[in-house]
Amino acid sequence: MSRVAIVTGASSGIGAATARRLAGEGFHVLAAARRTDRLVELVAGITATGGSATAVGCDVTSDESVADLARAAQQAGGPVTLLVNNAGGARGLDPVESGAIGDWQWMYDVNVLGTLRVTQALLPMLEGSGAGTIVVVSSTAGFTVYEGGGGYTAAKHAQTAIAGTLRLELCGRPVRVIEIDPGMVKTDEFSLTRFGGDVERAEAVYAGVAEPLLAEDVADCIAWCATRPQHVNVDRLVVRPLAQAAQHKVHRTG
């Protein structure tokens, strides 16, 4: 039986790239996200290239939806050995003094409570496999703050705290906890979501950066960490494009 991997936020960007990569590594992938039409297309592409995957509609902000994901994992026909908590995102770039409470609430629910819900639901199966791995896709925003990023950095700091705490609490049990912290990654939707669909503002984030990270670069890091021998735990992997030396230091041309 194939090992089962669950990837949340799999309808686009890093999640979709990770689902494809893990299928290539021999996992049966449960690709989970709200937009099932995109998942169906993703799964079709995976199976067309010889991989194995199933689309599972899931909203990580819903207890009931996450419970459905857990049931799908139980019925997947193989040991559940890998969970990639990728679902998340940013909304707004406003100062703390004028930030929208609704945006902050959404970011906390998706990034932090979403990770908590899914991890709690799947942990018994991961432990039961005897060789489980939990990957938390956080961000360099999980340890560095910047102007206008209060809501997002607060959420990512909290997500990073979950990963670190969980690693301590699971010590001695057969489950690894790995945190992946990407810097500047150019995907189709991250900045568009942050700026409410404003294409011009979204494109400005990457202006003059010849080679930002791509979703496939992060998927490569996730797959590498998850396929190390089980006794090897990569606590935290920070990955940035060469042009980005720090959150506030980016080389741009033109």
# chains A, B, ... in the order shown; residues from 1 in each chain; ligands from 1
call {"tool": "residues_around", "arguments": {"residues": "Phe190 of chain A", "least_positions_apart": "5", "cutoff": "12 Å", "atoms": "only C-alpha atoms", "output": "list in words"}}
result
Gly9, Ser12, Gly13, Ile14, Gly15, Ala87, Gly88, Gly89, Ala90, Arg91, Gly92, Met184, Val185, Phe195, Gly196, Gly197, Asp198, Val199, Arg201, Ala202, Glu203, Val205, Tyr206, Leu214 and Ala215 of chain A
call {"tool": "residues_around", "arguments": {"residues": "segment 151-166 of chain A", "least_positions_apart": "5", "cutoff": "8 Å", "atoms": "only C-alpha atoms", "output": "list in words"}}
result
Gly89, Ala90, Arg91, Val96, Gly99, Asp103, Trp104, Met107, Tyr108, Asn111, Val112, Thr115, Leu116, Val136, Ser138, Ser139, Ala141, Gly142, Phe143, Thr144, Val145, Tyr146, Val177, Ile178 and Glu179 of chain A
call {"tool": "select_by_dssp", "arguments": {"residues": "segment 89-212 of chain A", "states": "alpha helix (DSSP H)", "output": "PyMOL selection string"}}
result
chain A and resi 101-107+114-128+150-169+190-194+199-204
call {"tool": "atom_distance", "arguments": {"atom1": "atom CA of Cys225 of chain A", "atom2": "atom CA of Asp37 of chain A"}}
result
29.4 Å
call {"tool": "closest_residue", "arguments": {"among": "A:Leu39, A:Ala246, A:Ala33, A:Ala131", "to": "Arg3 of chain A", "atoms": "only C-alpha atoms"}}
result
A:Ala131
call {"tool": "residues_around", "arguments": {"residues": "segment 78-82 of chain A", "least_positions_apart": "4", "cutoff": "8 Å", "atoms": "only C-alpha atoms", "output": "list in words"}}
result
Met1, Ser2, Arg3, Val4, Ala5, Ile6, Ala73, Gln74, Met125, Leu126, Ser129, Ala131, Gly132, Thr133, Ile134, Val135 and Ala226 of chain A
call {"tool": "write_last_selection", "arguments": {"atoms": "N, CA and C atoms", "output": "PDB file, in the first residue's frame"}}
result
ATOM      1  N   MET A   1       0.844  -1.195   0.000  1.00  0.00           N
ATOM      2  CA  MET A   1       0.000   0.000   0.000  1.00  0.00           C
ATOM      3  C   MET A   1       0.876   1.241   0.000  1.00  0.00           C
ATOM      4  N   SER A   2       0.475   2.241  -0.758  1.00  0.00           N
ATOM      5  CA  SER A   2       1.229   3.487  -0.815  1.00  0.00           C
ATOM      6  C   SER A   2       1.081   4.259   0.486  1.00  0.00           C
ATOM      7  N   ARG A   3       2.142   4.933   0.867  1.00  0.00           N
ATOM      8  CA  ARG A   3       2.051   5.867   1.984  1.00  0.00           C
ATOM      9  C   ARG A   3       1.135   7.020   1.577  1.00  0.00           C
ATOM     10  N   VAL A   4       0.400   7.539   2.527  1.00  0.00           N
ATOM     11  CA  VAL A   4      -0.562   8.611   2.264  1.00  0.00           C
ATOM     12  C   VAL A   4      -0.011   9.927   2.794  1.00  0.00           C
ATOM     13  N   ALA A   5      -0.059  10.949   1.954  1.00  0.00           N
ATOM     14  CA  ALA A   5       0.318  12.307   2.346  1.00  0.00           C
ATOM     15  C   ALA A   5      -0.872  13.219   2.168  1.00  0.00           C
ATOM     16  N   ILE A   6      -1.117  14.079   3.128  1.00  0.00           N
ATOM     17  CA  ILE A   6      -2.188  15.078   3.038  1.00  0.00           C
ATOM     18  C   ILE A   6      -1.545  16.438   2.869  1.00  0.00           C
ATOM     19  N   ALA A  73      -8.887  10.445   5.004  1.00  0.00           N
ATOM     20  CA  ALA A  73      -7.553   9.897   5.244  1.00  0.00           C
ATOM     21  C   ALA A  73      -7.637   8.464   5.774  1.00  0.00           C
ATOM     22  N   GLN A  74      -8.607   8.213   6.651  1.00  0.00           N
ATOM     23  CA  GLN A  74      -8.785   6.865   7.197  1.00  0.00           C
ATOM     24  C   GLN A  74      -9.148   5.862   6.109  1.00  0.00           C
ATOM     25  N   MET A 125      -3.508   9.209  13.387  1.00  0.00           N
ATOM     26  CA  MET A 125      -3.132   8.368  12.254  1.00  0.00           C
ATOM     27  C   MET A 125      -1.640   8.471  11.959  1.00  0.00           C
ATOM     28  N   LEU A 126      -1.097   9.673  12.057  1.00  0.00           N
ATOM     29  CA  LEU A 126       0.341   9.856  11.831  1.00  0.00           C
ATOM     30  C   LEU A 126       1.150   9.065  12.856  1.00  0.00           C
ATOM     31  N   SER A 129       0.993   5.267  12.321  1.00  0.00           N
ATOM     32  CA  SER A 129       1.782   4.732  11.213  1.00  0.00           C
ATOM     33  C   SER A 129       3.156   4.260  11.683  1.00  0.00           C
ATOM     34  N   ALA A 131       5.711   6.101  11.772  1.00  0.00           N
ATOM     35  CA  ALA A 131       6.749   6.922  11.115  1.00  0.00           C
ATOM     36  C   ALA A 131       6.091   8.154  10.509  1.00  0.00           C
ATOM     37  N   GLY A 132       5.521   8.986  11.357  1.00  0.00           N
ATOM     38  CA  GLY A 132       4.778  10.153  10.890  1.00  0.00           C
ATOM     39  C   GLY A 132       5.644  11.392  10.768  1.00  0.00           C
ATOM     40  N   THR A 133       5.204  12.293   9.894  1.00  0.00           N
ATOM     41  CA  THR A 133       5.890  13.582   9.713  1.00  0.00           C
ATOM     42  C   THR A 133       4.844  14.672   9.552  1.00  0.00           C
ATOM     43  N   ILE A 134       4.999  15.740  10.311  1.00  0.00           N
ATOM     44  CA  ILE A 134       4.162  16.926  10.172  1.00  0.00           C
ATOM     45  C   ILE A 134       5.037  18.053   9.652  1.00  0.00           C
ATOM     46  N   VAL A 135       4.660  18.621   8.524  1.00  0.00           N
ATOM     47  CA  VAL A 135       5.357  19.783   7.976  1.00  0.00           C
ATOM     48  C   VAL A 135       4.462  21.002   8.159  1.00  0.00           C
ATOM     49  N   ALA A 226      10.878  15.735   4.006  1.00  0.00           N
ATOM     50  CA  ALA A 226       9.943  14.660   4.339  1.00  0.00           C
ATOM     51  C   ALA A 226      10.451  13.283   3.948  1.00  0.00           C
TER      52      ALA A 226
END
call {"tool": "residues_around", "arguments": {"residues": "Val56 of chain A", "least_positions_apart": "2", "cutoff": "8 Å", "atoms": "only C-alpha atoms", "output": "PyMOL selection string"}}
result
chain A and resi 30-33+36+39+54+58+69+72
call {"tool": "write_last_selection", "arguments": {"atoms": "N, CA, C and O atoms", "output": "mmCIF file, in the first residue's frame"}}
result
data_model
loop_
_atom_site.group_PDB
_atom_site.id
_atom_site.type_symbol
_atom_site.label_atom_id
_atom_site.label_comp_id
_atom_site.auth_asym_id
_atom_site.auth_seq_id
_atom_site.Cartn_x
_atom_site.Cartn_y
_atom_site.Cartn_z
ATOM 1 N N LEU A 30 -3.572 13.085 -0.749
ATOM 2 C CA LEU A 30 -4.894 13.674 -0.576
ATOM 3 C C LEU A 30 -4.704 15.180 -0.711
ATOM 4 O O LEU A 30 -4.120 15.827 0.167
ATOM 5 N N ALA A 31 -5.151 15.713 -1.831
ATOM 6 C CA ALA A 31 -5.018 17.148 -2.106
ATOM 7 C C ALA A 31 -6.260 17.841 -1.572
ATOM 8 O O ALA A 31 -7.369 17.634 -2.076
ATOM 9 N N ALA A 32 -6.079 18.652 -0.553
ATOM 10 C CA ALA A 32 -7.207 19.246 0.167
ATOM 11 C C ALA A 32 -7.241 20.760 -0.002
ATOM 12 O O ALA A 32 -6.212 21.434 0.130
ATOM 13 N N ALA A 33 -8.416 21.292 -0.296
ATOM 14 C CA ALA A 33 -8.610 22.741 -0.422
ATOM 15 C C ALA A 33 -10.097 23.006 -0.589
ATOM 16 O O ALA A 33 -10.903 22.079 -0.780
ATOM 17 N N THR A 36 -12.703 22.792 -5.112
ATOM 18 C CA THR A 36 -12.606 21.423 -5.600
ATOM 19 C C THR A 36 -12.442 21.346 -7.112
ATOM 20 O O THR A 36 -11.874 20.370 -7.619
ATOM 21 N N LEU A 39 -8.864 21.284 -7.653
ATOM 22 C CA LEU A 39 -8.293 20.028 -7.185
ATOM 23 C C LEU A 39 -8.503 18.912 -8.203
ATOM 24 O O LEU A 39 -7.613 18.082 -8.418
ATOM 25 N N THR A 54 -5.973 12.003 -4.711
ATOM 26 C CA THR A 54 -7.416 12.139 -4.536
ATOM 27 C C THR A 54 -7.717 13.566 -4.133
ATOM 28 O O THR A 54 -7.018 14.134 -3.293
ATOM 29 N N CYS A 58 -11.931 20.717 1.399
ATOM 30 C CA CYS A 58 -11.696 20.978 2.818
ATOM 31 C C CYS A 58 -11.475 22.461 3.068
ATOM 32 O O CYS A 58 -10.651 23.095 2.415
ATOM 33 N N LEU A 69 -12.099 15.530 6.225
ATOM 34 C CA LEU A 69 -10.760 15.243 5.714
ATOM 35 C C LEU A 69 -10.147 14.066 6.462
ATOM 36 O O LEU A 69 -9.525 13.178 5.851
ATOM 37 N N ALA A 72 -11.617 10.893 5.206
ATOM 38 C CA ALA A 72 -11.052 10.552 3.900
ATOM 39 C C ALA A 72 -9.667 9.936 4.055
ATOM 40 O O ALA A 72 -9.300 8.996 3.340
#
call {"tool": "closest_residue", "arguments": {"among": "A:Arg194, A:Ala17, A:Pro241, A:Thr253", "to": "Gly208 of chain A", "atoms": "only C-alpha atoms"}}
result
A:Thr253
call {"tool": "closest_residue", "arguments": {"among": "A:Ala121, A:Val250, A:Ile46, A:Ala100", "to": "Arg71 of chain A", "atoms": "only C-alpha atoms"}}
result
A:Ala121
call {"tool": "atom_distance", "arguments": {"atom1": "atom CA of Leu192 of chain A", "atom2": "atom CA of Trp106 of chain A"}}
result
15.6 Å
call {"tool": "select_by_dssp", "arguments": {"residues": "segment 21-56 of chain A", "states": "strand (DSSP E or B)", "output": "MDAnalysis selection string"}}
result
chainID A and resid 28:33 52:56
call {"tool": "write_last_selection", "arguments": {"atoms": "all heavy atoms", "output": "mmCIF file, in the first residue's frame"}}
result
data_model
loop_
_atom_site.group_PDB
_atom_site.id
_atom_site.type_symbol
_atom_site.label_atom_id
_atom_site.label_comp_id
_atom_site.auth_asym_id
_atom_site.auth_seq_id
_atom_site.Cartn_x
_atom_site.Cartn_y
_atom_site.Cartn_z
ATOM 1 N N HIS A 28 0.576 8.425 -2.092
ATOM 2 C CA HIS A 28 -0.781 8.716 -2.533
ATOM 3 C C HIS A 28 -1.169 10.010 -1.840
ATOM 4 O O HIS A 28 -1.181 10.082 -0.604
ATOM 5 C CB HIS A 28 -1.769 7.609 -2.164
ATOM 6 C CG HIS A 28 -3.179 7.969 -2.522
ATOM 7 N ND1 HIS A 28 -3.641 7.961 -3.818
ATOM 8 C CD2 HIS A 28 -4.210 8.408 -1.765
ATOM 9 C CE1 HIS A 28 -4.896 8.352 -3.847
ATOM 10 N NE2 HIS A 28 -5.273 8.638 -2.606
ATOM 11 N N VAL A 29 -1.461 11.045 -2.602
ATOM 12 C CA VAL A 29 -1.665 12.379 -2.048
ATOM 13 C C VAL A 29 -3.156 12.699 -1.936
ATOM 14 O O VAL A 29 -3.904 12.567 -2.915
ATOM 15 C CB VAL A 29 -0.982 13.450 -2.929
ATOM 16 C CG1 VAL A 29 -1.238 14.844 -2.373
ATOM 17 C CG2 VAL A 29 0.525 13.182 -3.020
ATOM 18 N N LEU A 30 -3.572 13.085 -0.749
ATOM 19 C CA LEU A 30 -4.894 13.674 -0.576
ATOM 20 C C LEU A 30 -4.704 15.180 -0.711
ATOM 21 O O LEU A 30 -4.120 15.827 0.167
ATOM 22 C CB LEU A 30 -5.485 13.339 0.788
ATOM 23 C CG LEU A 30 -5.753 11.864 1.111
ATOM 24 C CD1 LEU A 30 -6.562 11.748 2.390
ATOM 25 C CD2 LEU A 30 -6.458 11.165 -0.028
ATOM 26 N N ALA A 31 -5.151 15.713 -1.831
ATOM 27 C CA ALA A 31 -5.018 17.148 -2.106
ATOM 28 C C ALA A 31 -6.260 17.841 -1.572
ATOM 29 O O ALA A 31 -7.369 17.634 -2.076
ATOM 30 C CB ALA A 31 -4.879 17.381 -3.614
ATOM 31 N N ALA A 32 -6.079 18.652 -0.553
ATOM 32 C CA ALA A 32 -7.207 19.246 0.167
ATOM 33 C C ALA A 32 -7.241 20.760 -0.002
ATOM 34 O O ALA A 32 -6.212 21.434 0.130
ATOM 35 C CB ALA A 32 -7.124 18.894 1.655
ATOM 36 N N ALA A 33 -8.416 21.292 -0.296
ATOM 37 C CA ALA A 33 -8.610 22.741 -0.422
ATOM 38 C C ALA A 33 -10.097 23.006 -0.589
ATOM 39 O O ALA A 33 -10.903 22.079 -0.780
ATOM 40 C CB ALA A 33 -7.828 23.300 -1.612
ATOM 41 N N SER A 52 -0.479 9.139 -8.013
ATOM 42 C CA SER A 52 -1.716 8.739 -7.360
ATOM 43 C C SER A 52 -2.172 9.850 -6.423
ATOM 44 O O SER A 52 -1.413 10.288 -5.556
ATOM 45 C CB SER A 52 -1.488 7.444 -6.568
ATOM 46 O OG SER A 52 -2.647 7.066 -5.859
ATOM 47 N N ALA A 53 -3.401 10.305 -6.607
ATOM 48 C CA ALA A 53 -3.904 11.415 -5.784
ATOM 49 C C ALA A 53 -5.420 11.395 -5.749
ATOM 50 O O ALA A 53 -6.079 10.850 -6.650
ATOM 51 C CB ALA A 53 -3.411 12.754 -6.323
ATOM 52 N N THR A 54 -5.973 12.003 -4.711
ATOM 53 C CA THR A 54 -7.416 12.139 -4.536
ATOM 54 C C THR A 54 -7.717 13.566 -4.133
ATOM 55 O O THR A 54 -7.018 14.134 -3.293
ATOM 56 C CB THR A 54 -7.930 11.179 -3.439
ATOM 57 O OG1 THR A 54 -7.590 9.837 -3.784
ATOM 58 C CG2 THR A 54 -9.437 11.297 -3.279
ATOM 59 N N ALA A 55 -8.752 14.134 -4.726
ATOM 60 C CA ALA A 55 -9.193 15.482 -4.358
ATOM 61 C C ALA A 55 -10.141 15.401 -3.166
ATOM 62 O O ALA A 55 -11.080 14.597 -3.174
ATOM 63 C CB ALA A 55 -9.892 16.148 -5.541
ATOM 64 N N VAL A 56 -9.903 16.230 -2.164
ATOM 65 C CA VAL A 56 -10.761 16.266 -0.980
ATOM 66 C C VAL A 56 -11.108 17.719 -0.677
ATOM 67 O O VAL A 56 -10.225 18.515 -0.333
ATOM 68 C CB VAL A 56 -10.070 15.634 0.251
ATOM 69 C CG1 VAL A 56 -11.017 15.651 1.451
ATOM 70 C CG2 VAL A 56 -9.605 14.226 -0.045
#
call {"tool": "atom_distance", "arguments": {"atom1": "atom CA of Gly172 of chain A", "atom2": "atom CA of Gly128 of chain A"}}
result
13.7 Å
call {"tool": "residues_around", "arguments": {"residues": "His251 of chain A", "least_positions_apart": "6", "cutoff": "10 Å", "atoms": "only C-alpha atoms", "output": "ChimeraX atom specification"}}
result
/A:208-210,242-245
call {"tool": "closest_residue", "arguments": {"among": "A:Gln247, A:Ala70, A:Ala223, A:Glu216", "to": "Gly149 of chain A", "atoms": "only C-alpha atoms"}}
result
A:Gln247
call {"tool": "closest_residue", "arguments": {"among": "A:Gly150, A:Gly254, A:Gly50, A:Gly57", "to": "Ala10 of chain A", "atoms": "only C-alpha atoms"}}
result
A:Gly57
